[in-house]
Amino acid sequence: MNETPRPFYWTFITLCGLVIATYILFPVFWLFLASFKTRDELAQLPIAFWPKDPTIQAYRDLFDSGSQSSQLLNWPTLISNSFTVAVTSTIIVVVLGTFAGYAFARLKFPGRDLILGGLLVSRMFQGAALLLPTYRLMNMLNLQDSLIGLILLYSAFGLPFATWIIASSLREIPFELEESAMMDGASRLQSMVMVVLPLATPALITAAMWHFVGAWSEFAFASILLESNENKTVTIGLASFVELFTLEFQRVGAAATLVALPIMLVFFFGQRYFTRGLLAGAVKG
Amino acid sequence: MNNRSDRWLAYFMILPVVAAVLAFVIGPTWDVGKLSLTQVVMGMERGFGTLDNFRALAADPLFALVVKNTAIWIIGGTILCVLVGLAVGAYLAIDSWQTTILRALILLPWVIPDVVTAMAWKWMLHGQVGIIGSTIQAAGLTDEQVSFLGDPSLVMWTLVVVLIWRKMPLVALILCAAIRSVPSEQIEAARMDGANAFERFRFVVIPNIAFSLTAVTVISMIWITAEFALPWIMTGGGPANASQIMSTYIYQQSFEFFNWGVASAMSVVNLVMLMLIIALYLYVNRRSWASGADK
């Protein structure tokens, strides 16, 4: 839109921008600030905006197993569990999703479009309604309270979307490239790995990022499946602070900051891929 | 390479994803349907083929409240999400450096884990030391600090406000992309004909983005129906069930009261609702499905 720059217009645009930016950023920023305040400061009225003496005591408390009320949960364990689950399931999803995505994009077989459509619709079936039967299933498989069970579950939930993102990006790669490789004697798998995949790297990164973010953040299924403290993940750890409210809120702030940190890093460094995945497939559920 | 070996290769390649969906989506859906028609006593299944669970669900004094709260959550949430998303999206569609920065930032609430969002808002809305309540009080709008999450008459709408924060950015970004693809000649022509900014938006932009708008409305409805962690961590359905919605009710009945009969009946109600919304989605999207599953 070619509006001629006018001072009123410019002020309006900037003001709207500031309001929206504050709305978007403030809740997270406020939590972040709280993690550097002291317990007394947080309980005092009127509310002081900036911490008087910024301290990282709250973060120390999380990692110091000896301090009072340092809960039953051990944060280094929680973080390492979450990383294990998120990273492993991301690798599984991207590898299997690449094969499936290639098949949907490149090979002809009966039922192809129907199955792909079915996968997309299945993604919409994730919510509280499947908590109870999933719990029963994992109990039957004897995979409750195990990280392997959680990895399996997250991979299963993440695969359809990864397959879809990868398939739709592979479709845009000209078939001729692959054809000429096969003319030169490459097998299907060789041409897939040597010719197609290097071109599809952005889609693989997109799929990996989306899955990592989802797996790291997942709460509901982790909370019903994980029982022992050494198996819990960061989201469970953070949610267990509900009772600590106001008494030790700086700790909640510190824990929340730790939980949000990897996601923020992925988000800011992978901005390009993120928006790509969003426009490619988020509307599909 | 002949076609038949391609076909077997394809089935082999898609096997994991098909198996995953069968085992972890279709299977559990079937299982919860079966469970809802089975008499369950203390986790033991006693006899299939009864509607007792549904009767018990309907007889639960909470049922009407849960339905009402869920209606506020889904319908109120979806409408507000799309309206706010449309306004923000229209703003983001303007070309300027301010909107370019915001377009990069806006997805932040969408990627922040639910549990973090819940904690952040719970802290801001705290009844004694929450910054929102104390700011409103300091401005003289209320005599005492309002406890947004502690007041049964406010809690549901407060949760909806947090939900908007969480879900609106993606709606805004999708609508922003749709608005930016409206042909500029049409807008220019309307301007020539003397249409003001509102008229141009209402009569040129809106008809052009009607498809995206409908699709995004239905998809938000699906997201909002599935949302569980946010309300559960913020209120746990309280105070006194004032914010109990279907998803929190299912969780509570399943894993706190071990009332699997009622829980599975409610799960089935929830799934049927979800299927109706998905059917609506497929109907809205029929154009793109007809032209192959690619767009």
# chains A, B, ... in the order shown; residues from 1 in each chain; ligands from 1

$ closest_atom_pairs --of "region 156-239 of chain B" --to "region 120-130 of chain B" --cutoff "9 Å" --atoms "only C-alpha atoms" --output "CSV"
residue,atom,partner,partner_atom,distance
B:Thr158,CA,B:Leu125,CA,9.0
B:Val162,CA,B:Trp121,CA,7.2
B:Ile233,CA,B:Lys122,CA,8.9
B:Met234,CA,B:Lys122,CA,6.1
B:Thr235,CA,B:Lys122,CA,8.7

$ interface_residues --of "chain A" --to "chain B" --cutoff "6 Å" --atoms "only C-alpha atoms" --output "list in words"
Pro27, Leu31, Phe99, Ala100, Ala103, Phe109, Asp113, Gly127, Ala128, Ala129, Pro133, Thr134, Ala156, Leu159, Ser217 and Ala256 of chain A

$ write_last_selection --atoms "C-alpha atoms" --output "PDB file, in the first residue's frame"
ATOM      1  CA  PRO A  27       4.083 -11.757  30.113  1.00  0.00           C
ATOM      2  CA  LEU A  31       8.320 -13.805  34.460  1.00  0.00           C
ATOM      3  CA  PHE A  99      11.131 -42.002   3.751  1.00  0.00           C
ATOM      4  CA  ALA A 100       7.372 -41.655   4.004  1.00  0.00           C
ATOM      5  CA  ALA A 103       6.997 -42.154  -1.048  1.00  0.00           C
ATOM      6  CA  PHE A 109       0.697 -46.472  -5.336  1.00  0.00           C
ATOM      7  CA  ASP A 113      -3.905 -39.466  -1.604  1.00  0.00           C
ATOM      8  CA  GLY A 127      -6.322 -33.822  22.859  1.00  0.00           C
ATOM      9  CA  ALA A 128      -7.645 -34.765  26.231  1.00  0.00           C
ATOM     10  CA  ALA A 129     -10.022 -37.338  24.737  1.00  0.00           C
ATOM     11  CA  PRO A 133      -6.965 -44.850  26.191  1.00  0.00           C
ATOM     12  CA  THR A 134      -3.313 -43.901  25.649  1.00  0.00           C
ATOM     13  CA  ALA A 156       3.996 -41.396  16.656  1.00  0.00           C
ATOM     14  CA  LEU A 159       5.314 -38.364  12.270  1.00  0.00           C
ATOM     15  CA  SER A 217       6.781 -28.486  25.490  1.00  0.00           C
ATOM     16  CA  ALA A 256      10.106 -21.238  33.535  1.00  0.00           C
TER      17      ALA A 256
END

$ closest_residue --among "B:Leu83, B:Ala190, B:Ile206, B:Ala197" --to "Lys167 (chain B)" --atoms "only C-alpha atoms"
B:Leu83

$ select_by_dssp --residues "region 83-276 of chain A" --states "helix (DSSP H, G or I)" --output "count of residues only"
159

$ residues_around --residues "Leu42 (chain A)" --least-positions-apart "4" --cutoff "12 Å" --atoms "only C-alpha atoms" --output "JSON, numbers by chain"
{"A": [30, 31, 33, 34, 35, 36, 37, 38, 46, 47, 48, 49, 50, 51, 52, 245, 246, 247, 248, 249, 250, 251, 252, 253], "B": [123, 124, 126, 128, 129, 130, 131]}

$ write_last_selection --atoms "N, CA and C atoms" --output "PDB file, in the first residue's frame"
ATOM      1  N   TRP A  30       8.084 -10.384  32.139  1.00  0.00           N
ATOM      2  CA  TRP A  30       7.762 -10.175  33.549  1.00  0.00           C
ATOM      3  C   TRP A  30       8.147 -11.394  34.387  1.00  0.00           C
ATOM      4  N   LEU A  31       7.939 -12.558  33.814  1.00  0.00           N
ATOM      5  CA  LEU A  31       8.320 -13.805  34.460  1.00  0.00           C
ATOM      6  C   LEU A  31       9.848 -13.890  34.578  1.00  0.00           C
ATOM      7  N   LEU A  33      11.921 -11.335  34.643  1.00  0.00           N
ATOM      8  CA  LEU A  33      12.362 -10.387  35.675  1.00  0.00           C
ATOM      9  C   LEU A  33      12.184 -10.979  37.073  1.00  0.00           C
ATOM     10  N   ALA A  34      11.061 -11.655  37.285  1.00  0.00           N
ATOM     11  CA  ALA A  34      10.778 -12.210  38.610  1.00  0.00           C
ATOM     12  C   ALA A  34      11.876 -13.175  39.052  1.00  0.00           C
ATOM     13  N   SER A  35      12.494 -13.866  38.066  1.00  0.00           N
ATOM     14  CA  SER A  35      13.491 -14.859  38.442  1.00  0.00           C
ATOM     15  C   SER A  35      14.741 -14.218  39.046  1.00  0.00           C
ATOM     16  N   PHE A  36      14.906 -12.893  38.879  1.00  0.00           N
ATOM     17  CA  PHE A  36      16.085 -12.215  39.439  1.00  0.00           C
ATOM     18  C   PHE A  36      15.758 -11.432  40.709  1.00  0.00           C
ATOM     19  N   LYS A  37      14.516 -11.513  41.149  1.00  0.00           N
ATOM     20  CA  LYS A  37      14.148 -10.798  42.366  1.00  0.00           C
ATOM     21  C   LYS A  37      14.291 -11.723  43.575  1.00  0.00           C
ATOM     22  N   THR A  38      14.129 -11.130  44.767  1.00  0.00           N
ATOM     23  CA  THR A  38      14.161 -11.966  45.959  1.00  0.00           C
ATOM     24  C   THR A  38      12.737 -12.252  46.389  1.00  0.00           C
ATOM     25  N   PRO A  46       3.745  -1.549  47.090  1.00  0.00           N
ATOM     26  CA  PRO A  46       3.443  -1.704  45.669  1.00  0.00           C
ATOM     27  C   PRO A  46       4.545  -2.464  44.914  1.00  0.00           C
ATOM     28  N   ILE A  47       4.180  -3.018  43.798  1.00  0.00           N
ATOM     29  CA  ILE A  47       5.097  -3.846  43.023  1.00  0.00           C
ATOM     30  C   ILE A  47       6.243  -3.004  42.457  1.00  0.00           C
ATOM     31  N   ALA A  48       7.468  -3.450  42.690  1.00  0.00           N
ATOM     32  CA  ALA A  48       8.619  -2.764  42.098  1.00  0.00           C
ATOM     33  C   ALA A  48       8.896  -3.397  40.745  1.00  0.00           C
ATOM     34  N   PHE A  49       9.064  -2.556  39.740  1.00  0.00           N
ATOM     35  CA  PHE A  49       9.211  -3.098  38.396  1.00  0.00           C
ATOM     36  C   PHE A  49      10.528  -3.834  38.197  1.00  0.00           C
ATOM     37  N   TRP A  50      11.653  -3.120  38.445  1.00  0.00           N
ATOM     38  CA  TRP A  50      12.967  -3.749  38.248  1.00  0.00           C
ATOM     39  C   TRP A  50      13.449  -4.366  39.542  1.00  0.00           C
ATOM     40  N   PRO A  51      14.189  -5.468  39.492  1.00  0.00           N
ATOM     41  CA  PRO A  51      14.750  -6.041  40.718  1.00  0.00           C
ATOM     42  C   PRO A  51      15.729  -5.052  41.355  1.00  0.00           C
ATOM     43  N   LYS A  52      15.667  -4.919  42.690  1.00  0.00           N
ATOM     44  CA  LYS A  52      16.556  -3.968  43.371  1.00  0.00           C
ATOM     45  C   LYS A  52      18.005  -4.434  43.287  1.00  0.00           C
ATOM     46  N   PHE A 245       3.451 -21.160  44.727  1.00  0.00           N
ATOM     47  CA  PHE A 245       3.133 -19.811  44.288  1.00  0.00           C
ATOM     48  C   PHE A 245       3.270 -18.755  45.372  1.00  0.00           C
ATOM     49  N   THR A 246       3.815 -17.613  45.005  1.00  0.00           N
ATOM     50  CA  THR A 246       4.175 -16.446  45.826  1.00  0.00           C
ATOM     51  C   THR A 246       5.172 -16.754  46.921  1.00  0.00           C
ATOM     52  N   LEU A 247       5.128 -17.941  47.502  1.00  0.00           N
ATOM     53  CA  LEU A 247       6.111 -18.218  48.535  1.00  0.00           C
ATOM     54  C   LEU A 247       7.517 -18.154  47.949  1.00  0.00           C
ATOM     55  N   GLU A 248       7.672 -18.775  46.792  1.00  0.00           N
ATOM     56  CA  GLU A 248       8.997 -18.863  46.186  1.00  0.00           C
ATOM     57  C   GLU A 248       8.878 -18.575  44.696  1.00  0.00           C
ATOM     58  N   PHE A 249       8.166 -17.520  44.348  1.00  0.00           N
ATOM     59  CA  PHE A 249       7.889 -17.369  42.929  1.00  0.00           C
ATOM     60  C   PHE A 249       9.142 -17.160  42.088  1.00  0.00           C
ATOM     61  N   GLN A 250      10.198 -16.569  42.689  1.00  0.00           N
ATOM     62  CA  GLN A 250      11.434 -16.365  41.906  1.00  0.00           C
ATOM     63  C   GLN A 250      11.929 -17.691  41.337  1.00  0.00           C
ATOM     64  N   ARG A 251      11.650 -18.777  42.074  1.00  0.00           N
ATOM     65  CA  ARG A 251      12.081 -20.092  41.604  1.00  0.00           C
ATOM     66  C   ARG A 251      11.243 -20.561  40.423  1.00  0.00           C
ATOM     67  N   VAL A 252       9.943 -20.258  40.508  1.00  0.00           N
ATOM     68  CA  VAL A 252       9.068 -20.592  39.383  1.00  0.00           C
ATOM     69  C   VAL A 252       9.561 -19.841  38.145  1.00  0.00           C
ATOM     70  N   GLY A 253       9.896 -18.555  38.354  1.00  0.00           N
ATOM     71  CA  GLY A 253      10.392 -17.741  37.239  1.00  0.00           C
ATOM     72  C   GLY A 253      11.658 -18.325  36.645  1.00  0.00           C
TER      73      GLY A 253
ATOM     74  N   TRP B 123       0.909 -15.544  37.317  1.00  0.00           N
ATOM     75  CA  TRP B 123       1.665 -14.585  38.117  1.00  0.00           C
ATOM     76  C   TRP B 123       1.130 -13.172  37.892  1.00  0.00           C
ATOM     77  N   MET B 124       0.865 -12.812  36.640  1.00  0.00           N
ATOM     78  CA  MET B 124       0.367 -11.462  36.368  1.00  0.00           C
ATOM     79  C   MET B 124      -1.039 -11.256  36.930  1.00  0.00           C
ATOM     80  N   HIS B 126      -2.261 -12.726  39.644  1.00  0.00           N
ATOM     81  CA  HIS B 126      -2.328 -13.109  41.051  1.00  0.00           C
ATOM     82  C   HIS B 126      -3.192 -12.131  41.858  1.00  0.00           C
ATOM     83  N   GLN B 128      -3.121 -11.025  44.957  1.00  0.00           N
ATOM     84  CA  GLN B 128      -2.540 -10.003  45.835  1.00  0.00           C
ATOM     85  C   GLN B 128      -1.394  -9.241  45.177  1.00  0.00           C
ATOM     86  N   VAL B 129      -0.503  -9.966  44.542  1.00  0.00           N
ATOM     87  CA  VAL B 129       0.696  -9.294  44.029  1.00  0.00           C
ATOM     88  C   VAL B 129       0.767  -9.339  42.498  1.00  0.00           C
ATOM     89  N   GLY B 130      -0.359  -9.606  41.855  1.00  0.00           N
ATOM     90  CA  GLY B 130      -0.371  -9.630  40.399  1.00  0.00           C
ATOM     91  C   GLY B 130      -0.353  -8.233  39.820  1.00  0.00           C
ATOM     92  N   ILE B 131       0.431  -8.047  38.772  1.00  0.00           N
ATOM     93  CA  ILE B 131       0.625  -6.687  38.260  1.00  0.00           C
ATOM     94  C   ILE B 131      -0.632  -6.169  37.558  1.00  0.00           C
TER      95      ILE B 131
END

$ closest_residue --among "A:Ile20, A:Ala162, A:Leu62, A:Val234" --to "Arg123 (chain A)" --atoms "only C-alpha atoms"
A:Ala162

$ closest_residue --among "A:Ile165, A:Gln44, A:Trp210, A:Ile79" --to "Ala260 (chain A)" --atoms "only C-alpha atoms"
A:Ile79

$ closest_atom_pairs --of "region 49-148 of chain A" --to "region 226-229 of chain A" --cutoff "10 Å" --atoms "only C-alpha atoms" --output "JSON lines"
{"residue": "A:Leu72", "atom": "CA", "partner": "A:Asn229", "partner_atom": "CA", "distance": 7.2}
{"residue": "A:Leu73", "atom": "CA", "partner": "A:Asn229", "partner_atom": "CA", "distance": 6.1}
{"residue": "A:Asn74", "atom": "CA", "partner": "A:Asn229", "partner_atom": "CA", "distance": 7.9}
{"residue": "A:Thr77", "atom": "CA", "partner": "A:Asn229", "partner_atom": "CA", "distance": 8.9}
{"residue": "A:Leu78", "atom": "CA", "partner": "A:Asn229", "partner_atom": "CA", "distance": 8.6}
{"residue": "A:Leu143", "atom": "CA", "partner": "A:Leu226", "partner_atom": "CA", "distance": 9.7}
{"residue": "A:Gln144", "atom": "CA", "partner": "A:Leu226", "partner_atom": "CA", "distance": 6.6}
{"residue": "A:Asp145", "atom": "CA", "partner": "A:Leu226", "partner_atom": "CA", "distance": 4.1}
{"residue": "A:Ser146", "atom": "CA", "partner": "A:Leu226", "partner_atom": "CA", "distance": 6.6}
{"residue": "A:Leu147", "atom": "CA", "partner": "A:Leu226", "partner_atom": "CA", "distance": 8.1}
